[in-house]
2 protein chains.
Amino acid sequence: VGAARLLRGLADVVDHRDLTVIVNTGDDDEFYGLQISPDIDTILYTLAGLAPRSRGWGIRGDSYRVLGALQRFYGKGWFALGDEDLATHVFRTHALRDGKSLSACTRAIADALGVRARVLPATDDRVRTVIDTPRGVLAFQDYLVRRRGRPRVLGVRYQGARRARPAPGVLAAIERADAVIVAPSNPFVSVGPILAVPGVRAALRRARKRAVAVSPLIGGRAVKGPLVSMLRSLGMPASSAVFTRLYRGLVAALIVAPGDAAAAGRGRGDPRVLEHDILLSSPAPARRLARFALATALDGAL
Amino acid sequence: VGAARLLRGLADVVDHRDLTVIVNTGDDDEFYGLQISPDIDTILYTLAGLAPRSRGWGIRGDSYRVLGALQRFYGKGWFALGDEDLATHVFRTHALRDGKSLSACTRAIADALGVRARVLPATDDRVRTVIDTPRGVLAFQDYLVRRRGRPRVLGVRYQGARRARPAPGVLAAIERADAVIVAPSNPFVSVGPILAVPGVRAALRRARKRAVAVSPLIGGRAVKGPLVSMLRSLGMPASSAVFTRLYRGLVAALIVAPGDAAAAGRGRGDPRVLEHDILLSSPAPARRLARFALATALDGAL
């Protein structure tokens, strides 16, 4: 949600053709035999103007007729798929089975939806975020959607990441970008699977002088999602201090909410901490944050 | 359409659990990466009470939201798939990819839809009806739906039939049935692919004393479909005479429309020709024909 909102702001202030979005694929899963890439679709629908205002998934005003009929065969499910949204999954599944890469599928979907920004999956290889819990290992959607992010998190792993290669264009996009913005997303399950793809962390490290991250916490709370309980489970404080540590050496600056800079602390080599309104409840603050993050990254003086 | 209407009549006069329907799979095809079995679905939807009144495919009152969204990716298509109908294809595709047989998928769909009759695909192996035309070989749906059955038919072939095996239960169902009814369907593209599966023709031959066929022609015209132009293309008369020849040795009686018995002619070994109202425009004549066909087949004196 945070990433999509900031992206909407960026899309308002930057020519779409100058935007490259590198997207987490660790959430990808299969439902009803269909290949679902929730984060890629959220980004594509956001850029295509199809995303709902508040909800972080699917297509605005979609219906759920197929899902209702699927229940005849599968029983009541816990993963909602709208009818228009389903067409994307049918197409992706078909194209992947035909041997196309996830990058190529994503490009084809972007083209069909009129998205002009470049949307790149972090990798074309299979990487799956799994959550270690006291009740065993859970696939990410199982943890987040089915169990509403409630189980205690003992650890987060990215299955397949070690052998994954960055998708074509990913490393070059990071290294050649005028500005890199790490979205206000969950560092473990949204940013983490991207950084876990060999080569990506090093590319970001090389681009760090032009890179800023936006904290997903405001006064120790997340706008949405299980980040706070996840931090707690992992024995970390729900404070911006976590991010100065997690993004150390990867970004030059961390943008936090007003009043949160003190909590962020700053060790040697930590990113500079800047305060700005990061509550993106409407397009105007999203545009302002986008401009501020861009200006900070482009500053160079960092 | 004819088969579905007669089946509706049969389902009204026979306990569903006593009905076995052996269904053509030569029309099966893949659209949007989904496995479509048009005849199986028409039979299942008919027995489940989900079929439309007049149209011979899909689910009554279905919507087409996914199809509209698929056009973004595939352009305007020529094969309509409703939203609820699509759930069936998603399930079948998923189950087949998981290694289930078409029989097993069909049974699962029948169970989910509350169908108690036994619906058997003629074969679990891949048989595809192709139409030889002056413009080349056409897949059946391409010929029937996309080109509306207009191309001249030089021949009909059942690809894969020679190596296909009857699906479990097919031969036994024919041989052990109290009565076998060959539906008023196109003999080349609906009945033909079933008889082309090795073993089925011989089974029917053995059951012929308890078997009747219903002509799909009324006064030289078909209620629906390209049968008449197909007969003409193949140099055959559009008359019941064709059926006494095609079903010779396979059924004991052929039921034709009032006034069509004379045209049917009767060579040595040809089935007996009986007249009855076979225009199934509403449930009542369908029930009457069902009773008559059953009585004729059960007669034994044939």
# chains A, B, ... in the order shown; residues from 1 in each chain; ligands from 1
$ residues_around --residues "stretch 277-286 of chain B" --least-positions-apart "4" --cutoff "12 Å" --atoms "only C-alpha atoms" --output "number ranges by chain"
B: 1-13, 53-54, 183-185, 213-219, 221-224, 254-261, 290-293
$ write_last_selection --atoms "C-alpha atoms" --output "short mmCIF file (atom, residue, chain, number, x, y, z; two decimals), in the first residue's frame"
data_model
loop_
_atom_site.label_atom_id
_atom_site.label_comp_id
_atom_site.auth_asym_id
_atom_site.auth_seq_id
_atom_site.Cartn_x
_atom_site.Cartn_y
_atom_site.Cartn_z
CA VAL B 1 -28.37 -28.96 -28.94
CA GLY B 2 -30.37 -32.01 -30.06
CA ALA B 3 -28.49 -34.30 -27.71
CA ALA B 4 -28.92 -31.93 -24.78
CA ARG B 5 -32.65 -31.59 -25.42
CA LEU B 6 -33.23 -35.31 -25.66
CA LEU B 7 -31.09 -35.79 -22.57
CA ARG B 8 -33.26 -33.32 -20.69
CA GLY B 9 -36.23 -35.45 -21.70
CA LEU B 10 -34.49 -38.64 -20.57
CA ALA B 11 -33.54 -37.03 -17.28
CA ASP B 12 -37.23 -36.27 -16.74
CA VAL B 13 -38.34 -39.87 -17.19
CA ARG B 53 -32.98 -22.57 -22.70
CA SER B 54 -32.06 -22.16 -26.35
CA ALA B 183 -28.47 -38.88 -29.76
CA PRO B 184 -29.82 -36.77 -32.65
CA SER B 185 -26.38 -35.33 -33.26
CA ALA B 213 -30.54 -43.81 -32.93
CA VAL B 214 -32.49 -40.61 -33.39
CA SER B 215 -32.08 -38.77 -36.69
CA PRO B 216 -30.78 -35.20 -36.43
CA LEU B 217 -32.63 -34.28 -39.65
CA ILE B 218 -36.25 -33.25 -40.00
CA GLY B 219 -37.49 -33.14 -43.57
CA ARG B 221 -33.07 -29.96 -42.44
CA ALA B 222 -31.08 -29.81 -39.21
CA VAL B 223 -32.50 -27.90 -36.25
CA LYS B 224 -29.08 -26.37 -35.63
CA LEU B 254 -33.62 -45.37 -36.35
CA ILE B 255 -36.23 -42.86 -35.21
CA VAL B 256 -37.01 -40.23 -37.84
CA ALA B 257 -39.49 -37.37 -38.11
CA PRO B 258 -43.04 -38.03 -39.27
CA GLY B 259 -42.97 -38.37 -43.04
CA ASP B 260 -39.23 -39.08 -43.21
CA ALA B 261 -39.41 -42.88 -43.07
CA ALA B 290 -37.29 -40.13 -24.54
CA ARG B 291 -40.05 -42.54 -23.53
CA PHE B 292 -40.51 -43.76 -27.10
CA ALA B 293 -36.79 -44.26 -27.69
#
$ interface_residues --of "chain B" --to "chain A" --cutoff "9 Å" --atoms "only C-alpha atoms" --output "PyMOL selection string"
chain B and resi 32-34+62-63+65-74+82-88+90-91+93-95+97-98+108-109+111-113
$ write_last_selection --atoms "N, CA and C atoms" --output "mmCIF file, in the first residue's frame"
data_model
loop_
_atom_site.group_PDB
_atom_site.id
_atom_site.type_symbol
_atom_site.label_atom_id
_atom_site.label_comp_id
_atom_site.auth_asym_id
_atom_site.auth_seq_id
_atom_site.Cartn_x
_atom_site.Cartn_y
_atom_site.Cartn_z
ATOM 1 N N TYR B 32 -6.961 -19.398 -24.325
ATOM 2 C CA TYR B 32 -6.366 -18.636 -23.227
ATOM 3 C C TYR B 32 -5.622 -19.555 -22.258
ATOM 4 N N GLY B 33 -5.113 -20.661 -22.787
ATOM 5 C CA GLY B 33 -4.392 -21.596 -21.929
ATOM 6 C C GLY B 33 -5.309 -22.466 -21.079
ATOM 7 N N LEU B 34 -6.617 -22.362 -21.288
ATOM 8 C CA LEU B 34 -7.576 -23.155 -20.512
ATOM 9 C C LEU B 34 -8.091 -24.318 -21.347
ATOM 10 N N ASP B 62 -25.204 -16.110 -17.489
ATOM 11 C CA ASP B 62 -23.800 -15.840 -17.162
ATOM 12 C C ASP B 62 -23.406 -14.425 -17.614
ATOM 13 N N SER B 63 -22.333 -13.901 -17.031
ATOM 14 C CA SER B 63 -21.787 -12.604 -17.449
ATOM 15 C C SER B 63 -20.462 -12.829 -18.169
ATOM 16 N N ARG B 65 -17.464 -10.732 -17.958
ATOM 17 C CA ARG B 65 -16.531 -9.717 -17.485
ATOM 18 C C ARG B 65 -15.069 -10.127 -17.744
ATOM 19 N N VAL B 66 -14.740 -11.383 -17.447
ATOM 20 C CA VAL B 66 -13.360 -11.837 -17.653
ATOM 21 C C VAL B 66 -13.026 -11.774 -19.146
ATOM 22 N N LEU B 67 -13.970 -12.238 -19.970
ATOM 23 C CA LEU B 67 -13.737 -12.233 -21.413
ATOM 24 C C LEU B 67 -13.398 -10.819 -21.898
ATOM 25 N N GLY B 68 -14.140 -9.841 -21.397
ATOM 26 C CA GLY B 68 -13.868 -8.453 -21.777
ATOM 27 C C GLY B 68 -12.451 -8.057 -21.385
ATOM 28 N N ALA B 69 -12.035 -8.445 -20.178
ATOM 29 C CA ALA B 69 -10.689 -8.085 -19.714
ATOM 30 C C ALA B 69 -9.622 -8.880 -20.471
ATOM 31 N N LEU B 70 -9.945 -10.110 -20.873
ATOM 32 C CA LEU B 70 -8.974 -10.911 -21.642
ATOM 33 C C LEU B 70 -8.682 -10.251 -22.992
ATOM 34 N N GLN B 71 -9.654 -9.526 -23.513
ATOM 35 C CA GLN B 71 -9.440 -8.873 -24.812
ATOM 36 C C GLN B 71 -8.327 -7.843 -24.761
ATOM 37 N N ARG B 72 -8.092 -7.296 -23.550
ATOM 38 C CA ARG B 72 -6.936 -6.389 -23.415
ATOM 39 C C ARG B 72 -5.643 -7.085 -23.826
ATOM 40 N N PHE B 73 -5.580 -8.386 -23.526
ATOM 41 C CA PHE B 73 -4.332 -9.116 -23.752
ATOM 42 C C PHE B 73 -4.321 -9.860 -25.082
ATOM 43 N N TYR B 74 -5.491 -10.348 -25.487
ATOM 44 C CA TYR B 74 -5.531 -11.233 -26.656
ATOM 45 C C TYR B 74 -6.194 -10.576 -27.860
ATOM 46 N N GLY B 82 -18.238 -17.500 -20.603
ATOM 47 C CA GLY B 82 -18.864 -16.744 -19.520
ATOM 48 C C GLY B 82 -18.057 -16.845 -18.238
ATOM 49 N N ASP B 83 -18.353 -15.998 -17.291
ATOM 50 C CA ASP B 83 -17.585 -15.954 -16.042
ATOM 51 C C ASP B 83 -17.774 -17.232 -15.213
ATOM 52 N N GLU B 84 -19.017 -17.644 -15.023
ATOM 53 C CA GLU B 84 -19.236 -18.861 -14.224
ATOM 54 C C GLU B 84 -18.708 -20.079 -14.960
ATOM 55 N N ASP B 85 -18.932 -20.101 -16.263
ATOM 56 C CA ASP B 85 -18.419 -21.179 -17.109
ATOM 57 C C ASP B 85 -16.896 -21.266 -16.974
ATOM 58 N N LEU B 86 -16.262 -20.112 -16.927
ATOM 59 C CA LEU B 86 -14.807 -20.059 -16.843
ATOM 60 C C LEU B 86 -14.271 -20.791 -15.615
ATOM 61 N N ALA B 87 -15.015 -20.722 -14.524
ATOM 62 C CA ALA B 87 -14.573 -21.417 -13.311
ATOM 63 C C ALA B 87 -14.412 -22.911 -13.591
ATOM 64 N N THR B 88 -15.325 -23.464 -14.389
ATOM 65 C CA THR B 88 -15.219 -24.883 -14.752
ATOM 66 C C THR B 88 -13.914 -25.136 -15.513
ATOM 67 N N VAL B 90 -11.168 -23.306 -15.480
ATOM 68 C CA VAL B 90 -10.020 -23.098 -14.585
ATOM 69 C C VAL B 90 -9.804 -24.361 -13.747
ATOM 70 N N PHE B 91 -10.893 -24.905 -13.221
ATOM 71 C CA PHE B 91 -10.779 -26.117 -12.405
ATOM 72 C C PHE B 91 -10.262 -27.286 -13.242
ATOM 73 N N THR B 93 -8.548 -27.296 -16.052
ATOM 74 C CA THR B 93 -7.164 -27.074 -16.455
ATOM 75 C C THR B 93 -6.216 -27.387 -15.306
ATOM 76 N N HIS B 94 -6.587 -26.915 -14.121
ATOM 77 C CA HIS B 94 -5.796 -27.141 -12.915
ATOM 78 C C HIS B 94 -5.687 -28.637 -12.616
ATOM 79 N N ALA B 95 -6.825 -29.330 -12.663
ATOM 80 C CA ALA B 95 -6.856 -30.753 -12.321
ATOM 81 C C ALA B 95 -6.080 -31.574 -13.367
ATOM 82 N N ARG B 97 -3.587 -30.518 -15.209
ATOM 83 C CA ARG B 97 -2.158 -30.238 -15.010
ATOM 84 C C ARG B 97 -1.621 -30.982 -13.796
ATOM 85 N N ASP B 98 -2.503 -31.211 -12.840
ATOM 86 C CA ASP B 98 -2.102 -31.971 -11.651
ATOM 87 C C ASP B 98 -2.059 -33.466 -11.931
ATOM 88 N N ALA B 108 -15.441 -35.013 -10.945
ATOM 89 C CA ALA B 108 -15.347 -33.995 -9.894
ATOM 90 C C ALA B 108 -16.269 -32.817 -10.206
ATOM 91 N N ILE B 109 -16.312 -32.420 -11.471
ATOM 92 C CA ILE B 109 -17.184 -31.298 -11.839
ATOM 93 C C ILE B 109 -18.643 -31.711 -11.655
ATOM 94 N N ASP B 111 -19.852 -33.909 -9.604
ATOM 95 C CA ASP B 111 -20.135 -33.931 -8.163
ATOM 96 C C ASP B 111 -20.379 -32.517 -7.642
ATOM 97 N N ALA B 112 -19.488 -31.589 -8.054
ATOM 98 C CA ALA B 112 -19.601 -30.217 -7.550
ATOM 99 C C ALA B 112 -20.912 -29.575 -8.005
ATOM 100 N N LEU B 113 -21.385 -29.962 -9.187
ATOM 101 C CA LEU B 113 -22.607 -29.354 -9.719
ATOM 102 C C LEU B 113 -23.853 -30.140 -9.318
#
$ residues_around --residues "stretch 16-22 of chain B" --least-positions-apart "2" --cutoff "8 Å" --atoms "only C-alpha atoms" --output "mmCIF file with C-alpha atoms, in the first residue's frame"
data_model
loop_
_atom_site.group_PDB
_atom_site.id
_atom_site.type_symbol
_atom_site.label_atom_id
_atom_site.label_comp_id
_atom_site.auth_asym_id
_atom_site.auth_seq_id
_atom_site.Cartn_x
_atom_site.Cartn_y
_atom_site.Cartn_z
ATOM 1 C CA ALA B 11 -33.538 -37.029 -17.276
ATOM 2 C CA VAL B 14 -35.430 -41.907 -15.800
ATOM 3 C CA ASN B 24 -17.679 -36.535 -27.509
ATOM 4 C CA ARG B 116 -25.966 -37.668 -10.313
ATOM 5 C CA ALA B 117 -25.960 -39.190 -13.792
ATOM 6 C CA ARG B 118 -22.677 -40.736 -14.873
ATOM 7 C CA VAL B 119 -21.023 -38.551 -17.509
ATOM 8 C CA LEU B 120 -18.093 -40.231 -19.248
ATOM 9 C CA PRO B 121 -15.806 -38.706 -21.828
ATOM 10 C CA ALA B 122 -15.469 -41.201 -24.684
ATOM 11 C CA VAL B 170 -17.313 -46.620 -21.460
ATOM 12 C CA ALA B 173 -21.691 -48.941 -19.987
#
$ atom_distance --atom1 "atom CA of A:Asp125" --atom2 "atom CA of A:Ser190"
16.5 Å
$ residues_around --residues "A:Gly58" --least-positions-apart "6" --cutoff "9 Å" --atoms "only C-alpha atoms" --output "list in words"
Pro38, Asp41, Thr42, Tyr45, Leu50, Ala51, Pro52, Ala80, Leu81, Gly82, Glu84 and Asp85 of chain A
$ write_last_selection --atoms "C-alpha atoms" --output "short mmCIF file (atom, residue, chain, number, x, y, z; two decimals), in the first residue's frame"
data_model
loop_
_atom_site.label_atom_id
_atom_site.label_comp_id
_atom_site.auth_asym_id
_atom_site.auth_seq_id
_atom_site.Cartn_x
_atom_site.Cartn_y
_atom_site.Cartn_z
CA PRO A 38 0.29 -9.75 -6.26
CA ASP A 41 -0.21 -6.49 -10.36
CA THR A 42 -0.68 -3.87 -7.67
CA TYR A 45 -2.89 -1.52 -11.78
CA LEU A 50 -7.09 0.73 -12.31
CA ALA A 51 -6.23 0.26 -8.63
CA PRO A 52 -8.85 0.84 -5.94
CA ALA A 80 -10.01 -13.16 -3.34
CA LEU A 81 -9.64 -12.78 -7.10
CA GLY A 82 -11.84 -10.37 -9.02
CA GLU A 84 -11.13 -8.53 -14.37
CA ASP A 85 -8.10 -9.26 -12.23
#
$ atom_distance --atom1 "atom CA of B:Val145" --atom2 "atom CA of B:Gly49"
24.2 Å
$ select_by_dssp --residues "stretch 211-292 of chain B" --states "helix (DSSP H, G or I)" --output "number ranges by chain"
B: 227-233, 241-246, 261-264, 283-292
$ closest_residue --among "A:Gln35, A:Leu234, A:Lys100, A:Ile40" --to "A:Thr133" --atoms "only C-alpha atoms"
A:Leu234
$ residues_around --residues "B:Phe188" --least-positions-apart "2" --cutoff "9 Å" --atoms "only C-alpha atoms" --output "PyMOL selection string"
chain B and resi 156-157+185-186+190-193+227+230
$ atom_distance --atom1 "atom CA of B:Leu154" --atom2 "atom CA of B:Gly269"
28.2 Å
$ select_by_dssp --residues "stretch 57-286 of chain B" --states "strand (DSSP E)" --output "ChimeraX atom specification"
/B:118-121,128-133,136-139,155-159,180-182,211-214,217-218,221-222,253-256,272-275
$ write_last_selection --atoms "N, CA and C atoms" --output "mmCIF file, in the first residue's frame"
data_model
loop_
_atom_site.group_PDB
_atom_site.id
_atom_site.type_symbol
_atom_site.label_atom_id
_atom_site.label_comp_id
_atom_site.auth_asym_id
_atom_site.auth_seq_id
_atom_site.Cartn_x
_atom_site.Cartn_y
_atom_site.Cartn_z
ATOM 1 N N ARG B 118 -24.088 -40.496 -14.626
ATOM 2 C CA ARG B 118 -22.677 -40.736 -14.873
ATOM 3 C C ARG B 118 -22.348 -40.128 -16.235
ATOM 4 N N VAL B 119 -21.423 -39.187 -16.254
ATOM 5 C CA VAL B 119 -21.023 -38.551 -17.509
ATOM 6 C C VAL B 119 -19.589 -38.973 -17.805
ATOM 7 N N LEU B 120 -19.413 -39.691 -18.904
ATOM 8 C CA LEU B 120 -18.093 -40.231 -19.248
ATOM 9 C C LEU B 120 -17.589 -39.627 -20.550
ATOM 10 N N PRO B 121 -16.407 -39.055 -20.533
ATOM 11 C CA PRO B 121 -15.806 -38.706 -21.828
ATOM 12 C C PRO B 121 -15.565 -40.017 -22.586
ATOM 13 N N ARG B 128 -8.819 -35.198 -31.450
ATOM 14 C CA ARG B 128 -9.239 -33.890 -31.938
ATOM 15 C C ARG B 128 -9.864 -34.025 -33.319
ATOM 16 N N THR B 129 -11.079 -33.566 -33.437
ATOM 17 C CA THR B 129 -11.760 -33.559 -34.726
ATOM 18 C C THR B 129 -11.208 -32.401 -35.559
ATOM 19 N N VAL B 130 -10.733 -32.720 -36.742
ATOM 20 C CA VAL B 130 -10.269 -31.648 -37.641
ATOM 21 C C VAL B 130 -11.035 -31.764 -38.955
ATOM 22 N N ILE B 131 -11.240 -30.615 -39.567
ATOM 23 C CA ILE B 131 -12.041 -30.539 -40.781
ATOM 24 C C ILE B 131 -11.115 -30.176 -41.943
ATOM 25 N N ASP B 132 -11.104 -31.043 -42.939
ATOM 26 C CA ASP B 132 -10.361 -30.718 -44.159
ATOM 27 C C ASP B 132 -11.230 -29.819 -45.024
ATOM 28 N N THR B 133 -10.694 -28.676 -45.393
ATOM 29 C CA THR B 133 -11.435 -27.719 -46.219
ATOM 30 C C THR B 133 -10.538 -27.277 -47.368
ATOM 31 N N GLY B 136 -7.526 -25.559 -46.209
ATOM 32 C CA GLY B 136 -6.628 -26.244 -45.295
ATOM 33 C C GLY B 136 -7.369 -26.920 -44.158
ATOM 34 N N VAL B 137 -6.599 -27.448 -43.226
ATOM 35 C CA VAL B 137 -7.150 -28.206 -42.107
ATOM 36 C C VAL B 137 -7.557 -27.233 -40.999
ATOM 37 N N LEU B 138 -8.765 -27.358 -40.527
ATOM 38 C CA LEU B 138 -9.226 -26.479 -39.461
ATOM 39 C C LEU B 138 -9.542 -27.286 -38.204
ATOM 40 N N ALA B 139 -9.111 -26.757 -37.061
ATOM 41 C CA ALA B 139 -9.569 -27.332 -35.789
ATOM 42 C C ALA B 139 -11.081 -27.155 -35.737
ATOM 43 N N GLY B 155 -13.498 -33.400 -45.766
ATOM 44 C CA GLY B 155 -13.359 -34.611 -44.955
ATOM 45 C C GLY B 155 -13.320 -34.255 -43.485
ATOM 46 N N VAL B 156 -13.569 -35.259 -42.670
ATOM 47 C CA VAL B 156 -13.526 -35.083 -41.215
ATOM 48 C C VAL B 156 -12.597 -36.155 -40.668
ATOM 49 N N ARG B 157 -11.644 -35.741 -39.862
ATOM 50 C CA ARG B 157 -10.730 -36.733 -39.284
ATOM 51 C C ARG B 157 -10.662 -36.581 -37.778
ATOM 52 N N TYR B 158 -10.315 -37.665 -37.120
ATOM 53 C CA TYR B 158 -10.249 -37.670 -35.655
ATOM 54 C C TYR B 158 -8.798 -37.914 -35.264
ATOM 55 N N GLN B 159 -8.051 -36.827 -35.107
ATOM 56 C CA GLN B 159 -6.625 -36.979 -34.809
ATOM 57 C C GLN B 159 -6.434 -37.612 -33.437
ATOM 58 N N VAL B 180 -29.548 -48.379 -25.236
ATOM 59 C CA VAL B 180 -28.546 -47.413 -25.702
ATOM 60 C C VAL B 180 -29.236 -46.480 -26.687
ATOM 61 N N ILE B 181 -29.100 -45.182 -26.471
ATOM 62 C CA ILE B 181 -29.697 -44.219 -27.390
ATOM 63 C C ILE B 181 -28.589 -43.373 -28.014
ATOM 64 N N VAL B 182 -28.504 -43.425 -29.342
ATOM 65 C CA VAL B 182 -27.558 -42.549 -30.037
ATOM 66 C C VAL B 182 -28.294 -41.245 -30.314
ATOM 67 N N ALA B 211 -30.211 -50.990 -29.000
ATOM 68 C CA ALA B 211 -29.758 -49.636 -29.345
ATOM 69 C C ALA B 211 -30.638 -48.995 -30.404
ATOM 70 N N VAL B 212 -30.995 -47.741 -30.170
ATOM 71 C CA VAL B 212 -31.714 -46.963 -31.182
ATOM 72 C C VAL B 212 -30.958 -45.658 -31.412
ATOM 73 N N ALA B 213 -31.099 -45.130 -32.639
ATOM 74 C CA ALA B 213 -30.537 -43.811 -32.929
ATOM 75 C C ALA B 213 -31.678 -42.879 -33.290
ATOM 76 N N VAL B 214 -31.495 -41.604 -33.004
ATOM 77 C CA VAL B 214 -32.490 -40.609 -33.390
ATOM 78 C C VAL B 214 -31.872 -39.741 -34.484
ATOM 79 N N LEU B 217 -32.009 -35.020 -38.537
ATOM 80 C CA LEU B 217 -32.628 -34.283 -39.649
ATOM 81 C C LEU B 217 -34.149 -34.366 -39.559
ATOM 82 N N ILE B 218 -34.788 -33.272 -39.910
ATOM 83 C CA ILE B 218 -36.249 -33.253 -39.996
ATOM 84 C C ILE B 218 -36.608 -32.715 -41.373
ATOM 85 N N ARG B 221 -33.710 -31.125 -43.044
ATOM 86 C CA ARG B 221 -33.066 -29.964 -42.436
ATOM 87 C C ARG B 221 -32.631 -30.274 -41.000
ATOM 88 N N ALA B 222 -31.541 -29.641 -40.585
ATOM 89 C CA ALA B 222 -31.081 -29.806 -39.210
ATOM 90 C C ALA B 222 -31.630 -28.660 -38.377
ATOM 91 N N ALA B 253 -32.805 -49.740 -34.464
ATOM 92 C CA ALA B 253 -33.861 -48.876 -34.993
ATOM 93 C C ALA B 253 -33.353 -47.448 -35.140
ATOM 94 N N LEU B 254 -33.904 -46.787 -36.150
ATOM 95 C CA LEU B 254 -33.625 -45.368 -36.350
ATOM 96 C C LEU B 254 -34.953 -44.633 -36.244
ATOM 97 N N ILE B 255 -35.001 -43.638 -35.374
ATOM 98 C CA ILE B 255 -36.230 -42.860 -35.213
ATOM 99 C C ILE B 255 -36.106 -41.591 -36.048
ATOM 100 N N VAL B 256 -37.040 -41.395 -36.954
ATOM 101 C CA VAL B 256 -37.011 -40.226 -37.841
ATOM 102 C C VAL B 256 -38.300 -39.435 -37.655
ATOM 103 N N ARG B 272 -34.287 -50.799 -38.536
ATOM 104 C CA ARG B 272 -35.706 -50.541 -38.722
ATOM 105 C C ARG B 272 -35.935 -49.038 -38.581
ATOM 106 N N VAL B 273 -36.841 -48.483 -39.377
ATOM 107 C CA VAL B 273 -37.073 -47.032 -39.318
ATOM 108 C C VAL B 273 -38.442 -46.760 -38.712
ATOM 109 N N LEU B 274 -38.456 -45.930 -37.668
ATOM 110 C CA LEU B 274 -39.702 -45.611 -36.971
ATOM 111 C C LEU B 274 -39.909 -44.106 -36.993
ATOM 112 N N GLU B 275 -41.154 -43.712 -37.190
ATOM 113 C CA GLU B 275 -41.440 -42.274 -37.179
ATOM 114 C C GLU B 275 -41.929 -41.829 -35.800
#
$ residues_around --residues "B:Leu250" --least-positions-apart "2" --cutoff "7 Å" --atoms "only C-alpha atoms" --output "ChimeraX atom specification"
/B:204-205,208,247-248,252
